[in-house]
>>> print(open('work28.cif').read())   # mmCIF, C-alpha atoms and all ligand atoms
data_my_file
#
loop_
_atom_site.label_atom_id
_atom_site.label_comp_id
_atom_site.auth_asym_id
_atom_site.auth_seq_id
_atom_site.Cartn_x
_atom_site.Cartn_y
_atom_site.Cartn_z
CA MET A 787 43.77 180.84 -13.09
CA LYS A 788 43.97 178.97 -9.81
CA ARG A 789 41.05 176.78 -10.85
CA ILE A 790 42.78 175.93 -14.12
CA ALA A 791 46.04 175.13 -12.34
CA GLU A 792 44.12 172.78 -10.05
CA GLN A 793 43.13 170.62 -13.02
CA PHE A 794 46.72 169.34 -13.17
CA ARG A 795 48.49 166.76 -11.02
CA LEU A 796 50.51 169.21 -8.94
CA ASP A 797 52.37 168.38 -5.77
CA GLY A 798 50.68 170.39 -3.00
CA ALA A 799 47.93 173.00 -2.92
CA VAL A 800 48.15 175.99 -5.26
CA GLN A 801 49.31 179.12 -3.47
CA SER A 802 49.76 181.62 -6.29
CA VAL A 803 49.75 182.12 -10.05
CA ALA A 804 51.78 184.89 -11.75
CA THR A 805 52.78 185.75 -15.31
CA LEU A 806 56.17 184.53 -16.53
CA GLY A 807 58.63 185.23 -19.30
CA GLU A 808 58.52 187.16 -22.54
CA GLY A 809 57.28 184.51 -24.96
CA PHE A 810 55.48 185.80 -28.06
CA ILE A 811 53.37 182.77 -28.84
CA ASN A 812 51.72 181.45 -25.71
CA ASP A 813 50.50 183.03 -22.46
CA THR A 814 52.78 181.74 -19.76
CA TYR A 815 52.26 181.65 -15.98
CA ILE A 816 54.19 180.34 -13.02
CA VAL A 817 52.24 178.38 -10.44
CA THR A 818 53.54 177.98 -6.90
CA THR A 819 52.28 175.23 -4.63
CA GLU A 820 53.34 174.40 -1.09
CA ARG A 821 56.08 172.13 -2.44
CA ALA A 822 56.95 172.95 -6.05
CA ARG A 823 56.69 175.40 -8.95
CA TYR A 824 55.16 174.78 -12.36
CA VAL A 825 54.76 176.52 -15.70
CA LEU A 826 51.18 176.81 -16.94
CA GLN A 827 50.56 177.84 -20.55
CA ARG A 828 47.58 178.77 -22.59
CA LYS A 829 48.59 177.45 -26.00
CA ASN A 830 48.05 179.73 -28.98
CA ARG A 831 45.12 178.36 -30.97
CA ASN A 832 45.80 180.63 -33.96
CA VAL A 833 49.30 179.31 -34.49
CA PHE A 834 48.69 175.65 -33.60
CA THR A 835 45.67 173.96 -35.08
CA ASP A 836 46.12 170.55 -33.48
CA ILE A 837 47.17 171.08 -29.88
CA PRO A 838 46.41 167.51 -28.74
CA ALA A 839 48.81 166.19 -31.43
CA MET A 840 51.36 168.81 -30.43
CA MET A 841 51.20 167.71 -26.79
CA ARG A 842 51.62 164.05 -27.78
CA ASN A 843 54.74 165.07 -29.73
CA ILE A 844 56.14 166.91 -26.70
CA GLU A 845 55.36 164.05 -24.33
CA GLY A 846 57.00 161.49 -26.65
CA VAL A 847 60.15 163.51 -27.16
CA THR A 848 60.59 164.53 -23.52
CA SER A 849 60.03 160.97 -22.24
CA PHE A 850 62.72 159.74 -24.62
CA LEU A 851 65.12 162.50 -23.54
CA ARG A 852 64.41 161.85 -19.85
CA GLU A 853 65.42 158.22 -20.23
CA LYS A 854 68.71 159.28 -21.85
CA VAL A 855 69.42 161.86 -19.17
CA ARG A 856 68.74 159.24 -16.49
CA ARG A 857 71.03 156.69 -18.08
CA ALA A 858 73.80 159.29 -18.33
CA GLY A 859 73.43 160.03 -14.60
CA GLY A 860 72.01 163.54 -15.19
CA ASP A 861 69.17 165.34 -13.39
CA PRO A 862 65.92 164.50 -15.23
CA ARG A 863 64.02 167.30 -13.47
CA ARG A 864 66.38 169.96 -14.83
CA GLU A 865 67.94 168.65 -18.03
CA VAL A 866 64.65 168.04 -19.81
CA MET A 867 61.16 169.50 -19.73
CA THR A 868 58.63 167.45 -17.73
CA VAL A 869 54.99 167.51 -18.87
CA ILE A 870 52.51 167.39 -15.98
CA PRO A 871 49.25 165.59 -16.84
CA THR A 872 45.78 166.49 -15.60
CA HIS A 873 44.09 164.42 -12.89
CA ASP A 874 42.52 162.29 -15.65
CA GLY A 875 45.94 161.65 -17.18
CA ALA A 876 45.43 163.96 -20.18
CA LEU A 877 48.34 166.03 -21.51
CA TYR A 878 46.25 169.21 -21.70
CA TYR A 879 43.12 170.75 -20.23
CA GLU A 880 40.45 172.30 -22.43
CA ASP A 881 38.58 175.11 -20.67
CA ALA A 882 35.00 176.26 -21.22
CA ALA A 883 36.14 178.81 -23.83
CA GLY A 884 37.83 176.05 -25.87
CA ASP A 885 41.34 177.17 -24.95
CA TYR A 886 43.99 174.54 -24.36
CA TRP A 887 46.24 174.59 -21.30
CA ALA A 888 49.35 172.58 -20.53
CA ALA A 889 51.60 172.37 -17.50
CA THR A 890 55.28 171.54 -17.08
CA LEU A 891 57.65 171.47 -14.17
CA PHE A 892 59.33 174.84 -13.61
CA ILE A 893 63.06 174.28 -13.98
CA GLU A 894 64.62 175.76 -10.84
CA ASP A 895 67.92 177.64 -10.74
CA SER A 896 67.81 178.30 -14.46
CA VAL A 897 68.58 181.46 -16.39
CA THR A 898 67.32 182.63 -19.78
CA CYS A 899 68.83 185.28 -22.08
CA GLN A 900 66.60 187.52 -24.16
CA SER A 901 68.99 188.00 -27.06
CA ALA A 902 72.10 186.35 -28.44
CA SER A 903 74.33 189.39 -28.25
CA THR A 904 77.81 187.84 -28.32
CA PRO A 905 79.53 185.04 -30.24
CA GLU A 906 79.88 183.18 -26.94
CA LEU A 907 76.10 183.24 -26.41
CA ALA A 908 75.61 182.16 -30.02
CA ARG A 909 77.96 179.25 -29.32
CA CYS A 910 75.80 178.24 -26.35
CA GLY A 911 72.69 178.48 -28.50
CA GLY A 912 74.30 176.25 -31.10
CA GLU A 913 75.34 173.76 -28.47
CA GLY A 914 71.80 173.62 -27.05
CA ILE A 915 70.19 173.01 -30.44
CA GLY A 916 72.93 170.61 -31.56
CA ARG A 917 72.61 168.55 -28.38
CA PHE A 918 68.84 168.44 -28.69
CA GLN A 919 69.12 167.12 -32.26
CA ARG A 920 71.88 164.67 -31.31
CA MET A 921 69.97 163.18 -28.39
CA LEU A 922 66.95 162.69 -30.64
CA ALA A 923 68.82 161.45 -33.70
CA ASP A 924 67.74 157.87 -32.89
CA TYR A 925 64.15 158.75 -31.92
CA GLY A 926 62.03 156.19 -33.74
CA GLU A 927 58.50 157.07 -32.67
CA PRO A 928 56.11 158.86 -35.03
CA LEU A 929 55.78 162.63 -34.76
CA ALA A 930 52.70 164.45 -35.99
CA ASP A 931 53.45 167.02 -38.69
CA ILE A 932 51.86 169.92 -36.87
CA LEU A 933 53.17 172.59 -39.28
CA PRO A 934 52.65 171.12 -42.77
CA GLY A 935 54.88 172.61 -45.46
CA PHE A 936 57.24 174.21 -42.95
CA HIS A 937 60.32 175.56 -44.81
CA ASP A 938 59.22 173.62 -47.91
CA ILE A 939 59.95 176.05 -50.72
CA ARG A 940 57.90 174.08 -53.24
CA PHE A 941 54.88 174.58 -51.01
CA ARG A 942 55.78 178.28 -50.59
CA PHE A 943 55.99 178.78 -54.35
CA ARG A 944 52.43 177.49 -54.70
CA GLN A 945 51.30 180.18 -52.23
CA TRP A 946 53.54 182.72 -53.95
CA ASP A 947 52.18 182.02 -57.43
CA ASP A 948 48.64 182.32 -56.08
CA ALA A 949 49.49 185.60 -54.37
CA LEU A 950 50.96 187.01 -57.60
CA ALA A 951 47.94 185.91 -59.61
CA ARG A 952 45.50 187.37 -57.06
CA ASP A 953 47.40 190.61 -56.56
CA ALA A 954 44.93 191.19 -53.75
CA ALA A 955 46.24 194.60 -52.70
CA GLY A 956 46.99 195.85 -56.22
CA ARG A 957 50.67 196.26 -55.34
CA ARG A 958 52.23 193.86 -57.81
CA ALA A 959 53.31 196.42 -60.40
CA SER A 960 54.98 198.57 -57.76
CA VAL A 961 57.29 195.78 -56.58
CA ALA A 962 58.49 194.39 -59.89
CA ARG A 963 62.13 194.73 -58.81
CA GLU A 964 61.53 192.85 -55.54
CA ILE A 965 59.56 190.12 -57.34
CA GLU A 966 62.56 189.61 -59.61
CA TRP A 967 64.75 189.02 -56.51
CA ILE A 968 62.53 186.00 -55.81
CA GLU A 969 62.12 184.75 -59.37
CA CYS A 970 65.78 184.77 -60.34
CA ARG A 971 66.59 182.41 -57.47
CA ARG A 972 63.60 180.09 -57.82
CA ASP A 973 65.48 177.27 -59.56
CA GLU A 974 68.45 177.15 -57.23
CA MET A 975 66.17 177.07 -54.20
CA LEU A 976 64.06 174.26 -55.66
CA ARG A 977 67.24 172.30 -56.44
CA PHE A 978 68.36 172.65 -52.84
CA TRP A 979 65.02 171.46 -51.44
CA GLN A 980 65.10 168.55 -53.87
CA ARG A 981 67.92 167.08 -51.79
CA VAL A 982 65.34 166.66 -49.03
CA GLU A 983 62.62 165.38 -51.36
CA THR A 984 64.89 162.67 -52.76
CA GLY A 985 65.95 161.60 -49.27
CA GLU A 986 69.59 162.56 -49.76
CA ILE A 987 69.10 164.80 -46.73
CA PRO A 988 67.03 163.04 -44.05
CA ARG A 989 64.27 164.46 -41.90
CA ARG A 990 65.15 164.24 -38.21
CA VAL A 991 63.70 165.61 -35.00
CA THR A 992 64.19 169.37 -35.09
CA HIS A 993 63.19 172.16 -32.74
CA ASN A 994 62.10 174.86 -35.19
CA ASP A 995 62.12 177.78 -32.77
CA THR A 996 65.80 178.25 -31.99
CA LYS A 997 65.58 181.62 -30.23
CA ILE A 998 68.07 181.96 -27.38
CA ASN A 999 65.23 182.47 -24.86
CA ASN A 1000 64.16 178.90 -25.55
CA ILE A 1001 67.40 177.63 -24.03
CA LEU A 1002 67.79 177.37 -20.28
CA PHE A 1003 71.20 177.85 -18.68
CA ASP A 1004 72.36 176.93 -15.19
CA ARG A 1005 73.80 179.55 -12.86
CA GLN A 1006 77.30 178.83 -14.20
CA GLY A 1007 76.13 179.66 -17.72
CA ARG A 1008 76.17 176.07 -18.98
CA VAL A 1009 73.39 174.87 -21.26
CA LEU A 1010 70.79 172.95 -19.22
CA CYS A 1011 68.17 172.13 -21.82
CA VAL A 1012 65.97 173.39 -24.63
CA ILE A 1013 62.37 174.35 -23.82
CA ASP A 1014 59.37 175.54 -25.84
CA LEU A 1015 58.95 172.28 -27.73
CA ASP A 1016 55.64 173.24 -29.40
CA THR A 1017 57.21 173.27 -32.85
CA VAL A 1018 59.08 169.95 -32.65
CA LEU A 1019 58.69 168.04 -35.90
CA ARG A 1020 60.57 165.94 -38.42
CA SER A 1021 62.40 168.17 -40.84
CA PRO A 1022 65.96 168.57 -42.14
CA CYS A 1023 68.46 169.62 -39.48
CA PHE A 1024 69.51 172.57 -41.58
CA ASN A 1025 66.17 174.25 -40.83
CA ASP A 1026 67.29 174.87 -37.27
CA PHE A 1027 70.78 175.89 -38.35
CA GLY A 1028 69.74 178.27 -41.13
CA ASP A 1029 67.01 179.93 -39.12
CA ALA A 1030 69.25 180.40 -36.09
CA ILE A 1031 71.94 182.07 -38.20
CA ARG A 1032 69.32 184.23 -39.93
CA THR A 1033 68.31 185.66 -36.58
CA TYR A 1034 71.44 185.43 -34.38
CA ALA A 1035 73.93 186.68 -36.96
CA ASN A 1036 71.96 189.56 -38.51
CA HIS A 1037 73.93 192.66 -37.50
CA GLY A 1038 70.87 194.82 -38.20
CA ARG A 1039 67.19 194.43 -37.39
CA GLU A 1040 64.64 192.43 -39.33
CA ASP A 1041 62.92 195.68 -40.34
CA ASP A 1042 66.00 197.89 -40.50
CA GLU A 1043 65.68 200.87 -42.83
CA HIS A 1044 69.43 201.41 -42.78
CA LEU A 1045 70.37 198.67 -45.18
CA ASP A 1046 74.08 199.30 -44.64
CA ASP A 1047 73.62 198.03 -41.10
CA VAL A 1048 72.19 194.72 -42.28
CA TRP A 1049 74.89 192.13 -42.81
CA LEU A 1050 75.78 188.65 -41.71
CA ASP A 1051 78.13 188.82 -38.74
CA MET A 1052 80.70 186.07 -39.29
CA ALA A 1053 81.82 186.04 -35.66
CA MET A 1054 78.25 185.17 -34.69
CA PHE A 1055 78.11 182.63 -37.50
CA ARG A 1056 81.29 180.98 -36.28
CA GLY A 1057 80.06 181.01 -32.67
CA PHE A 1058 76.77 179.28 -33.45
CA ALA A 1059 78.36 176.85 -35.92
CA GLU A 1060 81.05 175.91 -33.41
CA GLY A 1061 78.54 175.11 -30.67
CA TYR A 1062 76.21 173.34 -33.05
CA LEU A 1063 78.84 171.18 -34.71
CA SER A 1064 80.47 170.29 -31.39
CA GLU A 1065 77.32 168.21 -30.84
CA ALA A 1066 75.99 167.57 -34.34
CA ARG A 1067 79.13 166.31 -36.05
CA ALA A 1068 78.55 163.04 -34.17
CA PHE A 1069 75.51 162.20 -36.28
CA LEU A 1070 75.29 164.46 -39.36
CA THR A 1071 75.93 162.77 -42.71
CA PRO A 1072 78.35 164.47 -45.14
CA ALA A 1073 75.36 165.61 -47.21
CA GLU A 1074 73.76 167.26 -44.18
CA THR A 1075 76.98 169.01 -43.21
CA ASP A 1076 77.45 170.13 -46.78
CA ALA A 1077 73.98 171.75 -46.76
CA LEU A 1078 74.51 173.91 -43.65
CA ALA A 1079 76.09 176.96 -45.29
CA PHE A 1080 73.52 177.04 -48.08
CA SER A 1081 70.70 176.69 -45.58
CA VAL A 1082 71.45 180.23 -44.38
CA ARG A 1083 70.70 181.48 -47.89
CA TYR A 1084 67.71 179.16 -48.24
CA ILE A 1085 65.97 180.13 -44.99
CA THR A 1086 66.72 183.84 -45.47
CA TYR A 1087 65.38 183.67 -49.03
CA GLU A 1088 62.18 182.02 -47.80
CA GLN A 1089 61.75 184.89 -45.35
CA VAL A 1090 62.21 187.52 -48.10
CA LEU A 1091 59.52 185.67 -50.04
CA ARG A 1092 57.16 185.52 -47.06
CA PHE A 1093 57.46 189.23 -46.26
CA LEU A 1094 56.94 190.20 -49.89
CA MET A 1095 54.05 187.76 -50.26
CA ASP A 1096 52.34 189.30 -47.24
CA TYR A 1097 52.85 192.75 -48.76
CA LEU A 1098 51.24 191.53 -52.00
CA ASP A 1099 48.38 189.96 -50.02
CA GLY A 1100 47.64 193.23 -48.22
CA ASP A 1101 49.36 192.47 -44.88
CA THR A 1102 47.22 189.64 -43.59
CA TYR A 1103 49.85 187.57 -41.72
CA TYR A 1104 52.56 189.68 -40.06
CA LYS A 1105 51.57 192.50 -37.74
CA ILE A 1106 52.54 195.83 -39.28
CA LYS A 1107 53.38 199.20 -37.76
CA SER A 1108 53.19 201.22 -40.99
CA PRO A 1109 51.58 200.61 -44.42
CA ASP A 1110 54.89 199.63 -46.01
CA HIS A 1111 56.28 197.69 -43.04
CA ASN A 1112 56.32 194.40 -44.94
CA LEU A 1113 58.15 196.06 -47.82
CA VAL A 1114 60.74 197.46 -45.41
CA ARG A 1115 61.14 193.95 -43.99
CA THR A 1116 61.44 192.50 -47.50
CA ARG A 1117 64.29 194.89 -48.35
CA ALA A 1118 66.08 194.36 -45.05
CA GLN A 1119 65.84 190.59 -45.34
CA TYR A 1120 67.05 190.81 -48.92
CA ALA A 1121 70.09 192.81 -47.76
CA LEU A 1122 70.81 189.94 -45.38
CA LEU A 1123 70.40 187.43 -48.19
CA ARG A 1124 72.89 189.36 -50.36
CA SER A 1125 75.32 189.40 -47.47
CA ALA A 1126 74.91 185.62 -46.99
CA GLU A 1127 75.56 185.12 -50.70
CA GLU A 1128 78.74 187.17 -50.51
CA ARG A 1129 79.93 185.24 -47.47
CA TYR A 1130 78.89 181.83 -48.73
CA ASP A 1131 82.41 180.55 -49.45
CA ALA A 1132 83.60 181.80 -46.06
CA MET A 1133 80.69 180.02 -44.34
CA ARG A 1134 81.50 176.80 -46.17
CA ALA A 1135 85.13 177.01 -45.11
CA ILE A 1136 84.19 177.51 -41.44
CA VAL A 1137 81.74 174.60 -41.50
CA ALA A 1138 84.35 172.34 -43.13
CA GLU A 1139 86.96 173.33 -40.54
CA LEU A 1140 84.62 172.81 -37.57
CA ALA A 1141 83.16 169.56 -38.89
CA ALA A 1142 86.65 168.07 -39.24
CA ARG A 1143 87.59 168.71 -35.61
CA PRO A 1144 88.17 165.54 -33.62
N1 LIG B 1201 59.87 174.84 -17.63
C1 LIG B 1201 60.37 176.08 -17.50
N2 LIG B 1201 61.26 176.35 -16.54
C2 LIG B 1201 61.75 177.62 -16.40
N3 LIG B 1201 61.39 178.66 -17.18
C3 LIG B 1201 60.52 178.45 -18.17
C4 LIG B 1201 59.96 177.15 -18.39
N4 LIG B 1201 59.11 177.24 -19.44
C5 LIG B 1201 59.14 178.52 -19.84
N5 LIG B 1201 59.96 179.27 -19.09
C6 LIG B 1201 60.22 180.73 -19.27
O1 LIG B 1201 59.09 181.32 -19.91
C7 LIG B 1201 59.46 181.88 -21.19
C8 LIG B 1201 58.34 181.66 -22.20
O2 LIG B 1201 58.07 180.26 -22.36
P1 LIG B 1201 57.99 179.57 -23.78
O3 LIG B 1201 57.60 178.15 -23.55
O4 LIG B 1201 59.26 179.81 -24.52
O5 LIG B 1201 56.77 180.36 -24.45
P2 LIG B 1201 56.58 180.95 -25.93
O6 LIG B 1201 56.16 179.78 -26.77
O7 LIG B 1201 55.50 181.95 -25.79
O8 LIG B 1201 57.89 181.51 -26.38
C9 LIG B 1201 60.77 181.20 -21.54
O9 LIG B 1201 61.59 181.99 -22.39
C10 LIG B 1201 61.41 181.00 -20.16
O10 LIG B 1201 62.04 182.18 -19.72
MG MG B 1202 59.73 180.66 -26.36
#
>>> encode(input="work28.cif", output="structure tokens")
Amino acid sequence: MKRIAEQFRLDGAVQSVATLGEGFINDTYIVTTERARYVLQRKNRNVFTDIPAMMRNIEGVTSFLREKVRRAGGDPRREVMTVIPTHDGALYYEDAAGDYWAATLFIEDSVTCQSASTPELARCGGEGIGRFQRMLADYGEPLADILPGFHDIRFRFRQWDDALARDAAGRRASVAREIEWIECRRDEMLRFWQRVETGEIPRRVTHNDTKINNILFDRQGRVLCVIDLDTVLRSPCFNDFGDAIRTYANHGREDDEHLDDVWLDMAMFRGFAEGYLSEARAFLTPAETDALAFSVRYITYEQVLRFLMDYLDGDTYYKIKSPDHNLVRTRAQYALLRSAEERYDAMRAIVAELAARP
């Protein structure tokens, strides 16, 4: 580990390397030198197929943000992630095993939360994501599409139709009712995505992994910055909004067997929406604002489809703890979708109220 850390342009000799954080995707370490601390990550090669392109995306976005933070008189070492290059000036180091490593400055005096447990924390999460999108709303540089087809339901339906035709695990007949949940909403979901395909809803710089532990707070609990920029790409802003609500505002668990516990918590919805719109109303078009409430249904629907598709495929994508785990997830996510449908008008009213604030 020390030898890998020494490939990067660190200030001072490496004294120690220890594991850090509870990320699910990458292996994360903290490196201490005589003068500074750094984060060293082995990037997940199974999730990300083009890590060099991903690192160029991160470098482009963080350089742009750093300039804005500087101009606003902020602290560029704390209010934005700083990528540390290798001695040759590369953004990553490839080791003998073909694994990719990247280093960033450790952001000192920061705090992370593991779960968004209160509306106030949801509000902070919304503010972090909204600010990130706002500061990048005028980012003009190209971004590599490192996750092709992400949240594109037309692309998902192609996979879905293949999965149904294959019926790889022979389970199709047993889930006719669940398949109908997907089919009876196909047209409305395609119509929604069409607003992106026609350009009515623009693609902007989005984060795409809005978990609360990807937001750093200062010791006073104020949002410092958003980290974990591996999934940054150009996509509609509602992707971040819908996915955040899907996770933050689910009163139950993603694989809850007690379906009565699974519902959309409107206090959490309001919290996130309030934080998000406090930043995002400065740049969102009316069409984008109008799409926010439906995006909760859209993103939750996509997740029902993905769990059920993995069940049909014989559980090849999501890790399972029991043979019917993906079916349990499908039903729990569907309960959340039903709840979002019931609360759709209420969500629209809250968005309209918050978007109109001065
Ligand atoms: N630059 C940083 N400064 C401070 N803490 C960090 C930094 N980068 C990561 N961390 C901590 O490590 C955790 C995991 O890092 P992250 O980049 O989110 O990895 P993963 O992609 O696996 O989620 C974060 O939730 C945070 O607590
Ligand atoms: Mg993370």
>>> residues_near_ligand(input="work28.cif", ligand="ligand MG 1202 (chain B)", cutoff="8 Å", atoms="all atoms listed in the file", output="PDB file with C-alpha atoms, keeping the file's coordinate frame")
ATOM      1  CA  GLU A 808      58.520 187.160 -22.540  1.00  0.00           C
ATOM      2  CA  GLY A 809      57.280 184.510 -24.960  1.00  0.00           C
ATOM      3  CA  PHE A 810      55.480 185.800 -28.060  1.00  0.00           C
ATOM      4  CA  ILE A 811      53.370 182.770 -28.840  1.00  0.00           C
ATOM      5  CA  ASP A 995      62.120 177.780 -32.770  1.00  0.00           C
ATOM      6  CA  LYS A 997      65.580 181.620 -30.230  1.00  0.00           C
ATOM      7  CA  ASN A 999      65.230 182.470 -24.860  1.00  0.00           C
ATOM      8  CA  ASN A1000      64.160 178.900 -25.550  1.00  0.00           C
ATOM      9  CA  ILE A1013      62.370 174.350 -23.820  1.00  0.00           C
ATOM     10  CA  ASP A1014      59.370 175.540 -25.840  1.00  0.00           C
TER      11      ASP A1014
END
>>> closest_atom_pairs(input="work28.cif", of="range 961-1004 of chain A", to="range 910-934 of chain A", cutoff="8 Å", atoms="all atoms listed in the file", output="JSON lines")
{"residue": "A:Arg990", "atom": "CA", "partner": "A:Ala923", "partner_atom": "CA", "distance": 6.4}
{"residue": "A:Val991", "atom": "CA", "partner": "A:Leu922", "partner_atom": "CA", "distance": 6.2}
{"residue": "A:Thr992", "atom": "CA", "partner": "A:Gln919", "partner_atom": "CA", "distance": 6.1}
{"residue": "A:His993", "atom": "CA", "partner": "A:Ile915", "partner_atom": "CA", "distance": 7.4}
{"residue": "A:Thr996", "atom": "CA", "partner": "A:Ile915", "partner_atom": "CA", "distance": 7.0}
{"residue": "A:Lys997", "atom": "CA", "partner": "A:Gly911", "partner_atom": "CA", "distance": 8.0}
{"residue": "A:Ile998", "atom": "CA", "partner": "A:Gly911", "partner_atom": "CA", "distance": 5.9}
{"residue": "A:Ile1001", "atom": "CA", "partner": "A:Gly914", "partner_atom": "CA", "distance": 6.7}
>>> residues_near_ligand(input="work28.cif", ligand="ligand LIG 1201 (chain B)", cutoff="9 Å", atoms="all atoms listed in the file", output="MDAnalysis selection string")
chainID A and resid 805:816 823:827 829:830 864 866:869 889:900 995 997:1002 1013:1017
>>> residues_around(input="work28.cif", residues="Leu1063 in chain A", least_positions_apart="5", cutoff="9 Å", atoms="all atoms listed in the file", output="mmCIF file with C-alpha atoms, in the frame of the given file")
data_model
loop_
_atom_site.group_PDB
_atom_site.id
_atom_site.type_symbol
_atom_site.label_atom_id
_atom_site.label_comp_id
_atom_site.auth_asym_id
_atom_site.auth_seq_id
_atom_site.Cartn_x
_atom_site.Cartn_y
_atom_site.Cartn_z
ATOM 1 C CA GLY A 912 74.300 176.250 -31.100
ATOM 2 C CA GLU A 913 75.340 173.760 -28.470
ATOM 3 C CA GLY A 916 72.930 170.610 -31.560
ATOM 4 C CA PHE A 1058 76.770 179.280 -33.450
ATOM 5 C CA ALA A 1068 78.550 163.040 -34.170
ATOM 6 C CA LEU A 1070 75.290 164.460 -39.360
ATOM 7 C CA THR A 1075 76.980 169.010 -43.210
ATOM 8 C CA VAL A 1137 81.740 174.600 -41.500
ATOM 9 C CA LEU A 1140 84.620 172.810 -37.570
ATOM 10 C CA ALA A 1141 83.160 169.560 -38.890
#
>>> atom_distance(input="work28.cif", atom1="CA of Ala1066 in chain A", atom2="CA of Arg971 in chain A")
29.0 Å
>>> residues_around(input="work28.cif", residues="range 941-958 of chain A", least_positions_apart="2", cutoff="8 Å", atoms="all atoms listed in the file", output="PyMOL selection string")
chain A and resi 935+937-939+960-962+1088+1091+1095+1097-1100
>>> atom_distance(input="work28.cif", atom1="CA of Arg1115 in chain A", atom2="CA of Val833 in chain A")
21.1 Å
>>> closest_residue(input="work28.cif", among="A:Gln980, A:Asn832, A:Ser1125, A:Ser849", to="Arg1083 in chain A", atoms="all atoms listed in the file")
A:Ser1125
>>> closest_residue(input="work28.cif", among="A:Phe936, A:Tyr1087, A:Trp979, A:Tyr879", to="Glu964 in chain A", atoms="only C-alpha atoms")
A:Tyr1087
>>> atom_distance(input="work28.cif", atom1="CA of Ala1059 in chain A", atom2="CA of Glu1040 in chain A")
21.0 Å
>>> closest_residue(input="work28.cif", among="A:Gln1119, A:Lys1105, A:Glu880, A:Phe1080", to="Ala1135 in chain A", atoms="only C-alpha atoms")
A:Phe1080
>>> closest_residue(input="work28.cif", among="A:Leu1045, A:Val1090, A:Ala1035, A:Ala1077", to="Ser901 in chain A", atoms="all atoms listed in the file")
A:Ala1035
>>> residues_around(input="work28.cif", residues="range 787-797 of chain A", least_positions_apart="4", cutoff="7 Å", atoms="all atoms listed in the file", output="PyMOL selection string")
chain A and resi 803+819+821-822+870-873
>>> closest_residue(input="work28.cif", among="A:Val1114, A:Ala902, A:Cys1011, A:Ala876", to="Leu1094 in chain A", atoms="all atoms listed in the file")
A:Val1114
>>> decode(input="work28.cif", residues="range 1099-1109 of chain A", atoms="N, CA, C and O atoms", output="short mmCIF file (atom, residue, chain, number, x, y, z; two decimals), in the first residue's frame")
data_model
loop_
_atom_site.label_atom_id
_atom_site.label_comp_id
_atom_site.auth_asym_id
_atom_site.auth_seq_id
_atom_site.Cartn_x
_atom_site.Cartn_y
_atom_site.Cartn_z
N ASP A 1099 -33.70 -13.25 -14.66
CA ASP A 1099 -32.40 -13.67 -15.20
C ASP A 1099 -31.72 -14.74 -14.35
O ASP A 1099 -30.66 -15.25 -14.71
N GLY A 1100 -32.23 -14.99 -13.16
CA GLY A 1100 -31.58 -15.96 -12.27
C GLY A 1100 -30.56 -15.30 -11.35
O GLY A 1100 -29.55 -15.93 -11.00
N ASP A 1101 -30.80 -14.04 -10.97
CA ASP A 1101 -30.00 -13.36 -9.94
C ASP A 1101 -28.51 -13.23 -10.32
O ASP A 1101 -27.63 -13.74 -9.63
N THR A 1102 -28.30 -12.56 -11.43
CA THR A 1102 -26.90 -12.42 -11.89
C THR A 1102 -26.30 -11.07 -11.53
O THR A 1102 -25.09 -10.90 -11.60
N TYR A 1103 -27.11 -10.08 -11.14
CA TYR A 1103 -26.58 -8.72 -10.93
C TYR A 1103 -26.52 -8.34 -9.46
O TYR A 1103 -25.46 -8.03 -8.94
N TYR A 1104 -27.66 -8.37 -8.78
CA TYR A 1104 -27.67 -7.97 -7.36
C TYR A 1104 -27.29 -9.16 -6.48
O TYR A 1104 -27.71 -10.28 -6.75
N LYS A 1105 -26.53 -8.87 -5.45
CA LYS A 1105 -26.18 -9.94 -4.50
C LYS A 1105 -27.44 -10.33 -3.73
O LYS A 1105 -28.20 -9.48 -3.30
N ILE A 1106 -27.66 -11.63 -3.58
CA ILE A 1106 -28.87 -12.08 -2.88
C ILE A 1106 -28.52 -12.85 -1.61
O ILE A 1106 -27.48 -13.48 -1.52
N LYS A 1107 -29.44 -12.76 -0.65
CA LYS A 1107 -29.26 -13.48 0.63
C LYS A 1107 -30.20 -14.67 0.75
O LYS A 1107 -30.10 -15.45 1.68
N SER A 1108 -31.18 -14.76 -0.15
CA SER A 1108 -32.08 -15.92 -0.17
C SER A 1108 -32.53 -16.08 -1.62
O SER A 1108 -32.44 -15.14 -2.41
N PRO A 1109 -33.05 -17.26 -1.99
CA PRO A 1109 -33.40 -17.50 -3.40
C PRO A 1109 -34.42 -16.51 -3.95
O PRO A 1109 -34.40 -16.21 -5.15
#
